[in-house]
Amino acid sequence: MSTATAVAPALACQKSRFALDEGAHFLNCAYLGPLPRSVAAVGVEGIRRKLSPTPFASTEFFTDCDRARGRFGRLVNAAPERIALIPSASYGLAVAARNLPLEPGQNIVILGEQFPSNVYAWRRRAADDGCKVRTVERPGPPPSGALWNERLLEAIDPDTAVVALPHCHWTDGTRIDLEAAGRRAREVGAALVIDASQSIGAVPFDVQRIRPDALISVGYKWLLGPYQTCAGYFGPRFDDGVPLEETWISRRGSEDFQGLVDYTDEYRDGAARYDVGQTSNFILIPMLIEAMDLILAWEPARILDYCRELLAGLAEELRGRGWAIEDDAWRAGHILGIRLPEGCDVAELEARLAAARVYASLRGDALRVAPNVYNDASDVEALRRVLVAFG
């Protein structure tokens with residue numbers, strides 16, 4: 001009998017599950033993930049239920065939240081009780097910044113041109129506590145990911161209190177070796193905080209392997225959920241922390257509505273203490289659950305393979321034409337960052353993309369291309385034609 005592990009079949013294009021405009025080439029999931037049809041339908045049903053909430057049991061304030069924690073926990077291989085339901089990455093990062101101890105003279109390590117949500121919270125803490133934000137700048141144009149990761153590890157020293165990183169860089173998808181960064185952080189006793197908003201949903205992530213202290217991901221990008229949804233993993237460093245809000249639903253015994261007049265200073269077990277107020281959003285939370293159910297069915301590893309295959313030929317051709325692109329080993333497979341030729345007319349490129357109805361984002365000095373399962377080869381070909389004619 002064969003003992004070979006079964007290989008999951010390649011993922012087929014899922015365009016029929018979406019309602020994207022006919023003739024549009026939406027290669028911009030890193031900006032805003034479109035809602036699948038089924039996710040939108042769940043949202044409409046939530047609105048209908050609110051029209052006449054009879055009956056509406058008090059247990060429903062908790063059941064969908066627990067389901068959402070479980071779904072996100074499955075995506076990152078974490079226990080549901082470690083998951084908080086929050087409205088944004090900045091909210092989750094503010095929780096982390098508030099609760100991690102810092103002393104004067106210590107440093108917080110970040111990357112150059114990191115997304116602002118994972119910068120401003122640390123600048124505030126550094127200013128308040130007499131610490132320094134140590135920024136590891138990109139060492140040069142691509143390919144430079146290997147050297148950038150080396151310099152990141154060199155920047156983490158015994159005075160480092162926090163290492164705050166993305167899973168991949170938001171401007172161009174440069175991959176960060178989080179396992180190596182985590183090992184180095186633990187060597188010096190620093191906390192590892194990750195903003196994975198540009199990867200969770202399209203890239204496999206294992207909390208048990210990478211061992212972050214906190215992990216935050218918005219729901220409206222690669223998770224294909226609604227805006228103002230976000231989830232956060234908070235590890236043991238945060239077990240006795242202080243939330244940003246003192247909500248009734250985060251308190252022990254809050255399931256007993258009649259007993260809410262019996263005030264308590266004890267929080268519910270786990271990361272629920274960090275939940276945003278009005279966690280039980282009866283429209284958005286069911287939508288997020290449906291979106292994560294789709295992601296789990298498609299599997300992040302297969303989604304990543306699908307996106308990588310779509311982009312592979314384009315990356316190779318543009319490299320041959322002299323456009324600067326990161327080495328494949330240091331590029332997240334679901335995002336392609338294309339450095340524009342020196343002196344090019346950015347406004348002209350934007351106009352040509354718009355005329356061809358090709359949607360991608362200019363971020364920093366890169367054109368960021370971010371497909372997902374609703375794209376096919378014709379979308380990438382439309383982009384290729386514009387770039388080849390332009391360059």
# chains A, B, ... in the order shown; residues from 1 in each chain; ligands from 1

$ residues_around --residues "segment 218-224 of chain A" --least-positions-apart "3" --cutoff "10 Å" --atoms "only C-alpha atoms" --output "MDAnalysis selection string"
chainID A and resid 28:36 39 72 86:90 92 195:203 227:232 287:296 300 334 370:372

$ select_by_dssp --residues "segment 169-285 of chain A" --states "alpha helix (DSSP H)" --output "NGL selection string"
:A and (178-188 or 207-210 or 284-285)

$ closest_residue --among "A:Pro166, A:Gly277, A:Gly259, A:Gly182" --to "Ser217 of chain A" --atoms "only C-alpha atoms"
A:Pro166

$ select_by_dssp --residues "segment 149-356 of chain A" --states "strand (DSSP E or B)" --output "PyMOL selection string"
chain A and resi 160-166+168+174-175+191-195+200+203+214-218+230-234+251+267+324+331+336-339

$ atom_distance --atom1 "atom CA of Gly241 of chain A" --atom2 "atom CA of Ala68 of chain A"
22.1 Å

$ residues_around --residues "Ile156 of chain A" --least-positions-apart "6" --cutoff "8 Å" --atoms "only C-alpha atoms" --output "list in words"
Val109, Val163, Arg184, Ala185 and Val188 of chain A

$ residues_around --residues "Glu309 of chain A" --least-positions-apart "2" --cutoff "12 Å" --atoms "only C-alpha atoms" --output "VMD selection string"
chain A and resid 10 to 13 302 to 307 311 to 316 328 333 to 336 371 to 373 375 to 377 380

$ residues_around --residues "segment 323-327 of chain A" --least-positions-apart "3" --cutoff "10 Å" --atoms "only C-alpha atoms" --output "ChimeraX atom specification"
/A:141-146,172-175,315-320,330-332,336-342,366,391

$ closest_residue --among "A:Val388, A:Asp265, A:Ala94, A:Ala301" --to "Pro9 of chain A" --atoms "only C-alpha atoms"
A:Ala301

$ residues_around --residues "Pro104 of chain A" --least-positions-apart "2" --cutoff "6 Å" --atoms "only C-alpha atoms" --output "mmCIF file with N, CA and C atoms, in the first residue's frame"
data_model
loop_
_atom_site.group_PDB
_atom_site.id
_atom_site.type_symbol
_atom_site.label_atom_id
_atom_site.label_comp_id
_atom_site.auth_asym_id
_atom_site.auth_seq_id
_atom_site.Cartn_x
_atom_site.Cartn_y
_atom_site.Cartn_z
ATOM 1 N N GLN A 106 15.731 51.589 25.626
ATOM 2 C CA GLN A 106 15.497 50.434 24.782
ATOM 3 C C GLN A 106 15.082 50.882 23.381
ATOM 4 N N ASP A 129 8.066 56.736 26.525
ATOM 5 C CA ASP A 129 8.892 55.954 27.443
ATOM 6 C C ASP A 129 10.387 56.167 27.260
ATOM 7 N N GLY A 130 10.777 57.142 26.464
ATOM 8 C CA GLY A 130 12.193 57.413 26.306
ATOM 9 C C GLY A 130 12.926 56.332 25.539
ATOM 10 N N CYS A 131 12.245 55.724 24.569
ATOM 11 C CA CYS A 131 12.844 54.671 23.740
ATOM 12 C C CYS A 131 13.109 55.222 22.339
#

$ closest_residue --among "A:Trp122, A:Phe62, A:Trp248, A:Phe115" --to "Ile285 of chain A" --atoms "only C-alpha atoms"
A:Phe62

$ closest_residue --among "A:Ile108, A:Ala97, A:Ala382, A:Leu362" --to "Trp170 of chain A" --atoms "only C-alpha atoms"
A:Leu362

$ residues_around --residues "segment 351-353 of chain A" --least-positions-apart "6" --cutoff "8 Å" --atoms "only C-alpha atoms" --output "PyMOL selection string"
chain A and resi 359+383+386

$ closest_residue --among "A:Lys15, A:Arg74, A:Arg98, A:Arg48" --to "Asp128 of chain A" --atoms "only C-alpha atoms"
A:Arg98

$ closest_residue --among "A:Ala78, A:Thr247, A:Leu310, A:Gln14" --to "Pro212 of chain A" --atoms "only C-alpha atoms"
A:Ala78
